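*Asks:* Here you go, structure_16.pdb (PDB, C-alpha atoms):
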ATOM      1  CA  MET A  11     -74.615  50.057 306.831
ATOM      2  CA  SER A  12     -77.365  52.565 307.402
ATOM      3  CA  LYS A  13     -77.311  56.013 305.781
ATOM      4  CA  THR A  14     -79.468  59.071 306.277
ATOM      5  CA  VAL A  15     -80.763  61.250 303.468
ATOM      6  CA  SER A  16     -78.419  64.054 304.588
ATOM      7  CA  GLU A  17     -75.449  61.676 304.408
ATOM      8  CA  LEU A  18     -76.586  60.614 300.940
ATOM      9  CA  VAL A  19     -76.674  64.252 299.822
ATOM     10  CA  SER A  20     -73.154  64.790 301.096
ATOM     11  CA  GLU A  21     -71.597  61.553 299.864
ATOM     12  CA  LEU A  22     -73.080  61.686 296.362
ATOM     13  CA  GLY A  23     -72.886  65.474 295.963
ATOM     14  CA  LEU A  24     -76.620  65.867 295.449
ATOM     15  CA  GLU A  25     -78.524  69.135 295.320
ATOM     16  CA  ALA A  26     -81.234  69.321 297.989
ATOM     17  CA  LEU A  27     -84.313  70.974 296.475
ATOM     18  CA  ALA A  28     -86.465  70.087 299.507
ATOM     19  CA  LEU A  29     -84.827  68.496 302.535
ATOM     20  CA  THR A  30     -87.710  68.063 304.944
ATOM     21  CA  GLU A  31     -86.431  64.975 306.789
ATOM     22  CA  GLY A  32     -82.671  64.913 306.410
ATOM     23  CA  GLU A  33     -82.180  62.430 309.239
ATOM     24  CA  ARG A  34     -84.469  59.854 307.656
ATOM     25  CA  GLU A  35     -82.727  56.509 307.264
ATOM     26  CA  LEU A  36     -82.470  54.772 303.918
ATOM     27  CA  LYS A  37     -83.018  51.046 303.426
ATOM     28  CA  GLY A  38     -82.176  50.806 299.734
ATOM     29  CA  GLY A  39     -82.907  52.285 296.353
ATOM     30  CA  PHE A  40     -85.214  51.925 293.378
ATOM     31  CA  THR A  41     -85.107  53.286 289.843
ATOM     32  CA  GLY A  42     -88.147  53.743 287.630
ATOM     33  CA  ASP A  43     -90.110  56.231 285.589
ATOM     34  CA  LEU A  44     -93.455  54.514 284.995
ATOM     35  CA  LEU A  45     -95.493  55.775 287.945
ATOM     36  CA  SER A  46     -97.852  52.792 288.171
ATOM     37  CA  TYR A  47     -94.855  50.422 288.250
ATOM     38  CA  VAL A  48     -93.118  52.551 290.868
ATOM     39  CA  MET A  49     -96.256  52.554 293.049
ATOM     40  CA  ALA A  50     -96.318  48.757 292.930
ATOM     41  CA  HIS A  51     -92.608  48.204 293.646
ATOM     42  CA  LEU A  52     -91.038  51.121 295.549
ATOM     43  CA  ARG A  53     -90.763  50.267 299.244
ATOM     44  CA  SER A  54     -90.903  52.493 302.280
ATOM     45  CA  ASP A  55     -87.593  54.156 303.196
ATOM     46  CA  GLU A  56     -86.007  53.653 299.762
ATOM     47  CA  ALA A  57     -84.385  56.326 297.611
ATOM     48  CA  TRP A  58     -86.270  56.630 294.319
ATOM     49  CA  ILE A  59     -84.200  57.620 291.295
ATOM     50  CA  THR A  60     -86.152  59.020 288.337
ATOM     51  CA  ILE A  61     -86.039  61.502 285.498
ATOM     52  CA  MET A  62     -89.706  62.382 286.002
ATOM     53  CA  THR A  63     -90.296  65.863 287.389
ATOM     54  CA  ASN A  64     -94.036  66.440 287.476
ATOM     55  CA  VAL A  65     -96.088  66.893 290.640
ATOM     56  CA  ASN A  66     -97.335  63.286 290.423
ATOM     57  CA  VAL A  67     -93.833  62.135 291.416
ATOM     58  CA  ILE A  68     -94.309  63.798 294.794
ATOM     59  CA  ALA A  69     -97.713  62.143 295.228
ATOM     60  CA  VAL A  70     -96.251  58.700 294.469
ATOM     61  CA  ALA A  71     -93.292  59.297 296.796
ATOM     62  CA  SER A  72     -95.700  60.280 299.560
ATOM     63  CA  LEU A  73     -97.999  57.281 298.955
ATOM     64  CA  THR A  74     -95.124  54.802 298.976
ATOM     65  CA  ASP A  75     -93.335  56.503 301.894
ATOM     66  CA  ALA A  76     -90.097  56.896 299.917
ATOM     67  CA  ALA A  77     -87.162  58.238 301.937
ATOM     68  CA  CYS A  78     -86.343  60.591 299.068
ATOM     69  CA  VAL A  79     -86.689  61.241 295.370
ATOM     70  CA  ILE A  80     -83.511  61.808 293.368
ATOM     71  CA  VAL A  81     -84.056  63.484 290.011
ATOM     72  CA  ALA A  82     -81.334  62.326 287.614
ATOM     73  CA  ASP A  83     -79.699  63.970 284.602
ATOM     74  CA  GLY A  84     -80.059  67.460 286.064
ATOM     75  CA  ALA A  85     -83.688  67.566 284.905
ATOM     76  CA  GLU A  86     -85.497  70.836 285.547
ATOM     77  CA  VAL A  87     -87.915  70.802 288.482
ATOM     78  CA  ASP A  88     -90.684  73.408 288.629
ATOM     79  CA  THR A  89     -91.245  75.511 291.727
ATOM     80  CA  GLU A  90     -94.695  73.936 292.069
ATOM     81  CA  VAL A  91     -93.102  70.487 292.420
ATOM     82  CA  VAL A  92     -90.626  71.717 295.041
ATOM     83  CA  GLN A  93     -93.457  73.378 296.983
ATOM     84  CA  SER A  94     -95.482  70.163 296.849
ATOM     85  CA  ALA A  95     -92.478  68.215 298.194
ATOM     86  CA  VAL A  96     -92.145  70.631 301.111
ATOM     87  CA  GLN A  97     -95.886  70.495 301.855
ATOM     88  CA  ARG A  98     -95.956  66.681 301.777
ATOM     89  CA  GLY A  99     -92.685  66.219 303.668
ATOM     90  CA  VAL A 100     -90.874  64.563 300.747
ATOM     91  CA  ASN A 101     -87.095  64.869 300.451
ATOM     92  CA  LEU A 102     -86.482  66.006 296.867
ATOM     93  CA  LEU A 103     -82.929  65.860 295.552
ATOM     94  CA  ARG A 104     -81.290  66.389 292.166
ATOM     95  CA  SER A 105     -78.109  65.294 290.438
ATOM     96  CA  ASN A 106     -76.471  65.883 287.065
ATOM     97  CA  ALA A 107     -75.483  62.202 287.101
ATOM     98  CA  SER A 108     -77.437  59.619 285.105
ATOM     99  CA  ALA A 109     -79.750  57.145 286.811
ATOM    100  CA  PHE A 110     -77.148  54.440 286.142
ATOM    101  CA  GLU A 111     -74.384  56.477 287.777
ATOM    102  CA  LEU A 112     -76.614  57.204 290.764
ATOM    103  CA  CYS A 113     -77.380  53.485 291.183
ATOM    104  CA  LYS A 114     -73.637  52.790 291.169
ATOM    105  CA  GLY A 115     -73.177  55.506 293.780
ATOM    106  CA  LEU A 116     -75.843  53.993 296.038
ATOM    107  CA  ALA A 117     -74.135  50.606 295.790
ATOM    108  CA  GLN A 118     -70.718  52.096 296.528
ATOM    109  CA  ILE A 119     -71.924  53.671 299.773
ATOM    110  CA  GLY A 120     -73.528  50.455 300.953
ATOM    111  CA  LEU A 121     -77.134  50.764 299.856
TER     112      LEU A 121
END
Show the structure stored in the file as structure tokens.
*Replies:*
Amino acid sequence: MSKTVSELVSELGLEALALTEGERELKGGFTGDLLSYVMAHLRSDEAWITIMTNVNVIAVASLTDAACVIVADGAEVDTEVVQSAVQRGVNLLRSNASAFELCKGLAQIGL
């Protein structure tokens, strides 16, 4: 079953920090915090779950064509990072849930 980023926000109760392409369809998910590993393994149109919050996350999401970035554990995200997400057209979301809980949530909604 296909889901959009906006549907993901609604169904998992995520906070949208930058929702530039809410109707973008998701094809799966990926979890990782080592940026070089993420660059090698994250596929286009996947939701990327991470606890990383620096501006390099937005660059990697843009390079890999991620459908969205979900920041786990309610980690603080600087205004500069949000602005970069908007400028690069990256959907940036946040949740107080852990990365594990978010992975379970993705599986439960069919991703």
*Asks:* Could you name the residues that touch Val87 in chain A at 12 Å or less, counting only C-alpha atoms, but leaving out those on the same chain fewer than 4 positions away, as a ChimeraX atom specification?
*Replies:* /A:25-28,60-65,67-68,79-83,91-95,102-105
*Asks:* Any chance you could export the current selection's C-alpha atoms as a compact mmCIF listing (two decimals), in the coordinates of the input?
*Replies:*
# COMPACT_ATOMS: atom_id res chain seq x y z
CA GLU A 25 -78.52 69.14 295.32
CA ALA A 26 -81.23 69.32 297.99
CA LEU A 27 -84.31 70.97 296.48
CA ALA A 28 -86.46 70.09 299.51
CA THR A 60 -86.15 59.02 288.34
CA ILE A 61 -86.04 61.50 285.50
CA MET A 62 -89.71 62.38 286.00
CA THR A 63 -90.30 65.86 287.39
CA ASN A 64 -94.04 66.44 287.48
CA VAL A 65 -96.09 66.89 290.64
CA VAL A 67 -93.83 62.14 291.42
CA ILE A 68 -94.31 63.80 294.79
CA VAL A 79 -86.69 61.24 295.37
CA ILE A 80 -83.51 61.81 293.37
CA VAL A 81 -84.06 63.48 290.01
CA ALA A 82 -81.33 62.33 287.61
CA ASP A 83 -79.70 63.97 284.60
CA VAL A 91 -93.10 70.49 292.42
CA VAL A 92 -90.63 71.72 295.04
CA GLN A 93 -93.46 73.38 296.98
CA SER A 94 -95.48 70.16 296.85
CA ALA A 95 -92.48 68.22 298.19
CA LEU A 102 -86.48 66.01 296.87
CA LEU A 103 -82.93 65.86 295.55
CA ARG A 104 -81.29 66.39 292.17
CA SER A 105 -78.11 65.29 290.44
*Asks:* Which is closest to Asp75 in chain A among A:Glu90, A:Arg34, A:Ser46, A:Ala117, if we use only C-alpha atoms?
*Replies:*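 Ranked by minimum distance to Asp75 in chain A, first place goes to A:Arg34.
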*Asks:* Determine the residue set returned by the PyMOL selection byres ((chain A and resi 22) around 10) for the present structure, and present it as a VMD selection string.
*Replies:* chain A and resid 17 to 21 23 to 25 105 107 112 115 to 116 118 to 119
*Asks:* Looking at all atoms listed in the file, which of A:Trp58, A:Ala109, A:Gly99, A:Thr89 is the one that sits closest to Gly38 in chain A?
*Replies:*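 Answer, going by the shortest atom-to-atom distance: A:Trp58.
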*Asks:* Would you mind reading off the distance between CA of Asp88 in chain A and CA of Leu29 in chain A, one decimal, in Å?
*Replies:* 15.9 Å
*Asks:* I need the output of the PyMOL selection byres ((chain A and resi 14) around 6) for this file as a PyMOL selection string; which residues are they?
*Replies:* chain A and resi 13+15-17+33-36
*Asks:* Rounded to one decimal place, report the CA of Gly120 in chain A-CA of Asn66 in chain A distance in Å.
*Replies:*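 Computing it gives 29.0 Å between the two atoms.
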*Asks:* Could range 93-108 of chain A be completed with N, CA and C atoms and written as a JSON list (two decimals), in the frame of the given file, please?
*Replies:*
[["chain", "number", "residue", "atom", "x", "y", "z"],
["A", 93, "GLN", "N", -92.50, 72.97, 295.95],
["A", 93, "GLN", "CA", -93.46, 73.38, 296.98],
["A", 93, "GLN", "C", -94.30, 72.19, 297.44],
["A", 94, "SER", "N", -94.71, 71.35, 296.50],
["A", 94, "SER", "CA", -95.48, 70.16, 296.85],
["A", 94, "SER", "C", -94.65, 69.22, 297.72],
["A", 95, "ALA", "N", -93.37, 69.07, 297.39],
["A", 95, "ALA", "CA", -92.48, 68.22, 298.19],
["A", 95, "ALA", "C", -92.38, 68.73, 299.62],
["A", 96, "VAL", "N", -92.23, 70.04, 299.77],
["A", 96, "VAL", "CA", -92.14, 70.63, 301.11],
["A", 96, "VAL", "C", -93.45, 70.40, 301.87],
["A", 97, "GLN", "N", -94.58, 70.65, 301.21],
["A", 97, "GLN", "CA", -95.89, 70.50, 301.86],
["A", 97, "GLN", "C", -96.16, 69.06, 302.28],
["A", 98, "ARG", "N", -95.70, 68.10, 301.48],
["A", 98, "ARG", "CA", -95.96, 66.68, 301.78],
["A", 98, "ARG", "C", -94.84, 66.02, 302.58],
["A", 99, "GLY", "N", -93.78, 66.77, 302.88],
["A", 99, "GLY", "CA", -92.68, 66.22, 303.67],
["A", 99, "GLY", "C", -91.83, 65.23, 302.90],
["A", 100, "VAL", "N", -91.67, 65.45, 301.60],
["A", 100, "VAL", "CA", -90.87, 64.56, 300.75],
["A", 100, "VAL", "C", -89.51, 65.19, 300.50],
["A", 101, "ASN", "N", -88.45, 64.43, 300.78],
["A", 101, "ASN", "CA", -87.10, 64.87, 300.45],
["A", 101, "ASN", "C", -86.91, 64.79, 298.94],
["A", 102, "LEU", "N", -86.64, 65.93, 298.31],
["A", 102, "LEU", "CA", -86.48, 66.01, 296.87],
["A", 102, "LEU", "C", -85.07, 66.47, 296.55],
["A", 103, "LEU", "N", -84.33, 65.62, 295.86],
["A", 103, "LEU", "CA", -82.93, 65.86, 295.55],
["A", 103, "LEU", "C", -82.72, 65.83, 294.04],
["A", 104, "ARG", "N", -81.58, 66.39, 293.60],
["A", 104, "ARG", "CA", -81.29, 66.39, 292.17],
["A", 104, "ARG", "C", -79.80, 66.16, 291.96],
["A", 105, "SER", "N", -79.50, 65.55, 290.81],
["A", 105, "SER", "CA", -78.11, 65.29, 290.44],
["A", 105, "SER", "C", -77.96, 65.44, 288.93],
["A", 106, "ASN", "N", -76.78, 65.87, 288.49],
["A", 106, "ASN", "CA", -76.47, 65.88, 287.06],
["A", 106, "ASN", "C", -76.09, 64.50, 286.56],
["A", 107, "ALA", "N", -75.86, 63.57, 287.48],
["A", 107, "ALA", "CA", -75.48, 62.20, 287.10],
["A", 107, "ALA", "C", -76.68, 61.47, 286.49],
["A", 108, "SER", "N", -76.38, 60.45, 285.69],
["A", 108, "SER", "CA", -77.44, 59.62, 285.10],
["A", 108, "SER", "C", -78.01, 58.69, 286.18]]
